[in-house]
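entry.txt, holding compact mmCIF, C-alpha atoms:
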```
# COMPACT_ATOMS: atom_id res chain seq x y z
CA MET N 24 -45.76 35.85 -30.70
CA MET N 25 -45.19 32.10 -30.25
CA ASN N 26 -42.42 32.11 -32.86
CA ASN N 27 -40.68 34.97 -31.01
CA ARG N 28 -40.81 33.01 -27.73
CA ARG N 29 -39.35 29.93 -29.39
CA SER N 30 -36.66 32.03 -31.02
CA TRP N 31 -35.79 33.60 -27.64
CA ALA N 32 -35.73 30.21 -25.92
CA GLY N 33 -33.49 28.82 -28.64
CA LYS N 34 -31.05 31.71 -28.26
CA CYS N 35 -30.96 31.16 -24.48
CA ALA N 36 -30.24 27.47 -24.96
CA ILE N 37 -27.41 28.26 -27.35
CA ALA N 38 -26.00 30.84 -24.94
CA LEU N 39 -26.10 28.37 -22.04
CA GLY N 40 -24.42 25.76 -24.18
CA VAL N 41 -21.62 28.17 -25.04
CA LEU N 42 -21.19 29.05 -21.36
CA ALA N 43 -21.01 25.37 -20.44
CA ILE N 44 -18.32 24.74 -23.05
CA VAL N 45 -16.33 27.73 -21.80
CA ALA N 46 -16.67 26.51 -18.19
CA VAL N 47 -15.48 22.99 -19.04
CA SER N 48 -12.61 24.45 -21.04
CA LYS N 49 -11.54 26.57 -18.06
CA VAL N 50 -11.67 23.57 -15.73
CA ALA N 51 -9.62 21.53 -18.19
CA GLN N 52 -6.96 24.24 -18.20
CA ALA N 53 -6.95 24.63 -14.41
CA GLU N 54 -5.26 22.24 -12.01
CA VAL N 55 -7.30 19.16 -11.16
CA TYR N 56 -7.00 17.70 -7.66
CA VAL N 57 -7.81 14.13 -6.65
CA TYR N 58 -8.41 13.84 -2.89
CA GLU N 59 -8.81 10.83 -0.64
CA MET N 60 -11.46 11.41 2.01
CA PRO N 61 -11.45 10.06 5.60
CA ASP N 62 -13.85 7.23 4.70
CA GLY N 63 -11.60 6.07 1.85
CA SER N 64 -13.69 7.58 -0.94
CA ARG N 65 -12.09 9.89 -3.49
CA MET N 66 -13.13 13.28 -4.86
CA ILE N 67 -12.11 15.32 -7.89
CA THR N 68 -12.09 19.12 -7.70
CA ASP N 69 -10.63 22.05 -9.62
CA HIS N 70 -9.41 23.82 -6.49
CA PRO N 71 -7.52 22.79 -3.34
CA ILE N 72 -9.55 22.08 -0.23
CA LYS N 73 -8.64 22.27 3.42
CA ALA N 74 -10.39 19.54 5.33
CA LYS N 75 -9.12 17.51 8.24
CA TYR N 76 -7.84 14.00 7.47
CA THR N 77 -8.05 14.41 3.68
CA ARG N 78 -4.98 14.02 1.53
CA VAL N 79 -4.24 14.94 -2.05
CA VAL N 80 -3.06 12.00 -4.13
CA ARG N 81 -2.65 13.68 -7.50
CA VAL N 82 -2.49 17.19 -8.94
CA THR N 83 -2.61 17.43 -12.71
CA ARG N 84 -3.51 19.90 -15.44
CA ASP N 85 -5.21 17.24 -17.54
CA VAL N 86 -8.65 15.98 -16.56
CA LYS N 87 -8.24 12.97 -18.82
CA GLY N 88 -8.06 9.83 -16.71
CA ALA N 89 -8.81 11.64 -13.46
CA GLY N 90 -12.08 9.77 -13.05
CA THR N 91 -10.37 6.42 -13.48
CA LEU N 92 -7.71 7.44 -10.99
CA ALA N 93 -10.34 8.47 -8.46
CA ALA N 94 -12.22 5.20 -8.86
CA GLN N 95 -9.17 2.93 -8.73
CA LYS N 96 -7.25 2.72 -5.46
CA ASN N 97 -4.82 0.10 -6.74
CA SER N 98 -2.61 2.74 -8.32
CA PRO N 99 1.01 3.80 -7.73
CA VAL N 100 -0.20 7.24 -6.62
CA PHE N 101 -1.43 5.67 -3.38
CA ARG N 102 2.02 4.46 -2.41
CA GLU N 103 3.22 5.96 0.82
CA PRO N 104 6.79 6.96 1.78
CA PRO N 105 8.72 3.93 3.12
CA SER N 106 8.72 5.23 6.70
CA THR N 107 4.96 5.81 6.90
CA TYR N 108 4.14 2.54 8.67
CA ASP N 109 7.33 2.10 10.71
CA HIS N 110 5.51 2.77 13.99
CA LEU N 111 2.99 -0.01 13.32
CA ILE N 112 5.69 -2.40 12.14
CA HIS N 113 7.70 -1.74 15.31
CA LEU N 114 4.58 -2.14 17.46
CA TYR N 115 3.63 -5.59 16.17
CA ALA N 116 7.16 -6.81 15.44
CA ASP N 117 8.03 -6.21 19.09
CA GLU N 118 4.76 -7.74 20.32
CA TYR N 119 5.15 -10.97 18.35
CA GLY N 120 8.94 -11.22 18.33
CA VAL N 121 9.47 -10.83 14.58
CA ASP N 122 12.33 -8.87 13.02
CA PHE N 123 11.28 -5.33 12.08
CA ALA N 124 13.55 -5.31 9.01
CA LEU N 125 11.99 -8.52 7.70
CA VAL N 126 8.43 -7.24 8.06
CA LYS N 127 9.26 -3.99 6.30
CA ALA N 128 11.16 -5.85 3.55
CA ILE N 129 8.14 -8.06 2.88
CA MET N 130 5.87 -5.02 2.83
CA GLN N 131 8.04 -3.36 0.19
CA ALA N 132 8.23 -6.51 -1.93
CA GLU N 133 4.50 -7.15 -1.63
CA SER N 134 2.86 -3.74 -2.08
CA ALA N 135 5.59 -1.07 -2.35
CA PHE N 136 3.81 0.59 0.61
CA ASN N 137 0.45 0.88 -1.18
CA PRO N 138 -2.29 0.12 1.39
CA TYR N 139 -4.85 -0.43 -1.39
CA ALA N 140 -2.81 -2.83 -3.52
CA VAL N 141 -4.64 -5.86 -4.93
CA SER N 142 -2.85 -8.69 -6.71
CA ASP N 143 -4.11 -10.86 -9.55
CA LYS N 144 -4.50 -13.68 -7.02
CA GLY N 145 -6.67 -11.57 -4.73
CA ALA N 146 -4.06 -10.74 -2.09
CA ARG N 147 -4.77 -7.33 -0.58
CA GLY N 148 -3.32 -4.46 1.38
CA LEU N 149 0.16 -3.54 2.55
CA MET N 150 1.24 -7.10 3.31
CA GLN N 151 -0.82 -8.62 0.48
CA MET N 152 -2.86 -10.96 2.59
CA LEU N 153 -5.33 -13.41 1.10
CA PRO N 154 -8.84 -13.06 2.54
CA SER N 155 -8.65 -16.61 3.92
CA THR N 156 -5.48 -15.79 5.86
CA ALA N 157 -6.96 -12.51 7.05
CA ASP N 158 -10.02 -14.36 8.35
CA ARG N 159 -7.78 -16.72 10.30
CA TYR N 160 -6.41 -13.78 12.28
CA GLY N 161 -9.70 -11.97 12.79
CA VAL N 162 -9.21 -9.14 10.30
CA GLN N 163 -12.34 -7.04 9.78
CA ASN N 164 -10.99 -4.63 7.16
CA ILE N 165 -8.12 -6.08 5.14
CA PHE N 166 -7.19 -2.65 3.74
CA ASN N 167 -6.81 -1.14 7.20
CA PRO N 168 -3.03 -0.79 7.72
CA ARG N 169 -3.17 -1.60 11.43
CA GLU N 170 -5.18 -4.78 10.95
CA ASN N 171 -3.27 -5.83 7.86
CA ILE N 172 0.14 -5.46 9.47
CA ARG N 173 -0.91 -7.02 12.76
CA ALA N 174 -2.30 -10.13 11.08
CA ALA N 175 0.68 -10.45 8.74
CA VAL N 176 3.14 -10.31 11.65
CA GLN N 177 1.10 -12.92 13.49
CA HIS N 178 1.28 -15.10 10.40
CA LEU N 179 5.03 -14.58 10.15
CA LYS N 180 5.40 -15.67 13.77
CA TYR N 181 3.43 -18.82 12.92
CA LEU N 182 5.69 -19.49 9.92
CA PHE N 183 8.81 -19.03 12.05
CA GLU N 184 7.51 -21.58 14.53
CA THR N 185 6.58 -23.92 11.67
CA PHE N 186 9.95 -23.74 9.91
CA ASP N 187 12.29 -23.84 12.90
CA HIS N 188 13.00 -20.08 12.81
CA ARG N 189 14.71 -20.22 9.41
CA PRO N 190 14.11 -16.83 7.72
CA VAL N 191 14.69 -18.04 4.17
CA LEU N 192 12.01 -20.72 4.50
CA VAL N 193 9.65 -18.26 6.18
CA ILE N 194 10.04 -15.82 3.28
CA ALA N 195 9.48 -18.59 0.75
CA ALA N 196 6.39 -19.80 2.61
CA TYR N 197 4.97 -16.29 2.76
CA ASN N 198 5.12 -16.20 -1.04
CA ALA N 199 4.43 -19.78 -2.14
CA GLY N 200 2.58 -21.14 0.87
CA GLU N 201 3.74 -23.43 3.64
CA LYS N 202 2.58 -26.59 1.84
CA ALA N 203 4.92 -25.93 -1.09
CA VAL N 204 7.89 -25.37 1.22
CA LYS N 205 7.14 -28.57 3.10
CA GLN N 206 6.69 -30.49 -0.15
CA TYR N 207 10.07 -29.44 -1.55
CA ARG N 208 11.77 -29.34 1.87
CA GLY N 209 13.13 -25.90 1.06
CA ILE N 210 12.54 -23.06 -1.36
CA PRO N 211 10.12 -24.33 -4.03
CA PRO N 212 11.65 -24.38 -7.54
CA TYR N 213 9.41 -21.56 -8.71
CA GLU N 214 11.10 -18.66 -10.47
CA GLU N 215 8.72 -16.20 -8.82
CA THR N 216 9.48 -17.52 -5.33
CA GLU N 217 13.23 -17.69 -5.88
CA ASN N 218 13.27 -14.08 -7.09
CA TYR N 219 10.99 -13.08 -4.23
CA VAL N 220 13.31 -14.54 -1.60
CA ARG N 221 16.32 -12.75 -3.07
CA LYS N 222 14.42 -9.46 -3.25
CA VAL N 223 13.18 -9.65 0.35
CA LEU N 224 16.64 -10.51 1.66
CA GLN N 225 18.06 -7.48 -0.17
CA TYR N 226 15.42 -5.21 1.33
CA LYS N 227 15.94 -6.78 4.76
CA HIS N 228 19.64 -5.96 4.59
CA GLN N 229 18.72 -2.41 3.59
CA TYR N 230 16.45 -1.95 6.61
CA THR N 231 18.73 -3.63 9.14
CA PRO N 232 20.52 -0.99 11.21
CA ASN N 233 24.28 -0.79 10.85
CA TYR N 234 26.14 -0.33 14.10
CA ARG N 235 29.71 0.82 14.46
CA ILE N 236 31.68 -1.18 17.00
CA ILE N 237 33.90 1.10 19.08
CA SER N 238 36.65 -0.50 21.11
CA VAL N 239 37.28 0.99 24.52
CA ALA N 240 40.59 0.32 26.23
CA ALA N 241 40.30 -1.51 29.53
CA ASN N 242 42.93 0.74 31.08
CA PRO N 243 42.81 4.09 29.31
CA SER N 244 45.92 6.17 29.63
CA GLY N 245 45.92 8.42 32.66
CA GLY N 246 43.38 6.25 34.47
```

Write-out of the structure in structure tokens:
Amino acid sequence: MMNNRRSWAGKCAIALGVLAIVAVSKVAQAEVYVYEMPDGSRMITDHPIKAKYTRVVRVTRDVKGAGTLAAQKNSPVFREPPSTYDHLIHLYADEYGVDFALVKAIMQAESAFNPYAVSDKGARGLMQMLPSTADRYGVQNIFNPRENIRAAVQHLKYLFETFDHRPVLVIAAYNAGEKAVKQYRGIPPYEETENYVRKVLQYKHQYTPNYRIISVAANPSGG
């Protein structure tokens, strides 16, 4: 009787194992969704969900690497469309008197609009602020777009006042630090900084509105 029970239990275990393999196989063949939740955490599921304030950041048919993607925010999939933060840029650029196009150009050069970007030097967020700089401007959450942008624009205002409102020196200082710009009395001879200045100026030109000048006659005919 005991042998029969063991035999039955063994068959059940084998059957459950087969079912588990089939289930995993079906999930692997189905679409896999990676969602970002309102608190910033991420979730993997095999079906779409409808929940307020969540957003899908990747849909794939291959579960391989999905866990890494869900655990790592510093990924290109978290990049937002270029216009996503325009309202915040306008808000703080207007408040602190800094050019909108310059702020957006720096954001693109720094993070490519990824709010979770982290550099090798520890700079973080959309404007790639160092924690020490963020602390100076009272930032509580450096990855929060509103706080990150606000503090970065405040810092840009400070740099403009420091370098006599010369945009090229401000851009260089944002990348290499104000001490380096003061030391070399201009753009530091660093390849990274020189390339950075050129890149930001190109982006700035791209985001600067182009206006058509229409001439109106002082005395239009028939007037």

Exercise. Write out as a PyMOL selection string which residues come within 10 Å of Gln177 of chain N when counting only C-alpha atoms, dropping same-chain ones fewer than 4 positions away.
Key: chain N and resi 115-116+118-121+160+172-173+181-183

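Atom to atom, atom CA of Glu215 of chain N and atom CA of Ala132 of chain N stand 11.9 Å apart.
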
Practice problem: Can you work out which one of N:Gln206, N:Asn218, N:Ser106, N:Thr68 has the shortest atom-to-atom distance to Tyr230 of chain N, counting all atoms listed in the file? | Solution: N:Ser106

Quiz item: Once you count only C-alpha atoms, which residues end up no further than 9 Å from (5.3, -14.9, 1.0) in the file's frame, shown as a PyMOL selection string?
Solution: chain N and resi 129+133+151+193-200+216+219-220

How would the residues just chosen look if you wrote them out with C-alpha atoms as a PDB file, keeping the file's coordinate frame?
```pdb
ATOM      1  CA  ILE N 129       8.140  -8.060   2.880  1.00  0.00           C
ATOM      2  CA  GLU N 133       4.500  -7.150  -1.630  1.00  0.00           C
ATOM      3  CA  GLN N 151      -0.820  -8.620   0.480  1.00  0.00           C
ATOM      4  CA  VAL N 193       9.650 -18.260   6.180  1.00  0.00           C
ATOM      5  CA  ILE N 194      10.040 -15.820   3.280  1.00  0.00           C
ATOM      6  CA  ALA N 195       9.480 -18.590   0.750  1.00  0.00           C
ATOM      7  CA  ALA N 196       6.390 -19.800   2.610  1.00  0.00           C
ATOM      8  CA  TYR N 197       4.970 -16.290   2.760  1.00  0.00           C
ATOM      9  CA  ASN N 198       5.120 -16.200  -1.040  1.00  0.00           C
ATOM     10  CA  ALA N 199       4.430 -19.780  -2.140  1.00  0.00           C
ATOM     11  CA  GLY N 200       2.580 -21.140   0.870  1.00  0.00           C
ATOM     12  CA  THR N 216       9.480 -17.520  -5.330  1.00  0.00           C
ATOM     13  CA  TYR N 219      10.990 -13.080  -4.230  1.00  0.00           C
ATOM     14  CA  VAL N 220      13.310 -14.540  -1.600  1.00  0.00           C
TER      15      VAL N 220
END
```

Quiz item: What is the atom CA of Val176 of chain N to atom CA of Ala157 of chain N distance in Å?
Solution: 11.3 Å

Quiz item: Could you state the separation of atom CA of Pro154 of chain N and atom CA of Met130 of chain N in Å, given to one decimal place?
Solution: 16.8 Å

Practice problem: Rank nothing, just name the residue among N:Pro71, N:Val191, N:Ala175, N:Gln225 nearest to Thr156 of chain N, using only C-alpha atoms. | Solution: N:Ala175

Quiz item: In file coordinates, which residues lie within 6 Å of (0.1, 1.4, 8.9) using all atoms listed in the file, given as a ChimeraX atom specification?
Solution: /N:108,111,168-169

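Considering only C-alpha atoms, the residue among N:Arg208, N:Asp187, N:Ala128, N:Asp117 positioned nearest to Pro105 of chain N is N:Ala128.
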
Self-check item: Among the residues N:Lys222, N:Phe186, N:Arg147, N:Thr231, the one that comes closest to Gly209 of chain N [using only C-alpha atoms]
Solution: N:Phe186
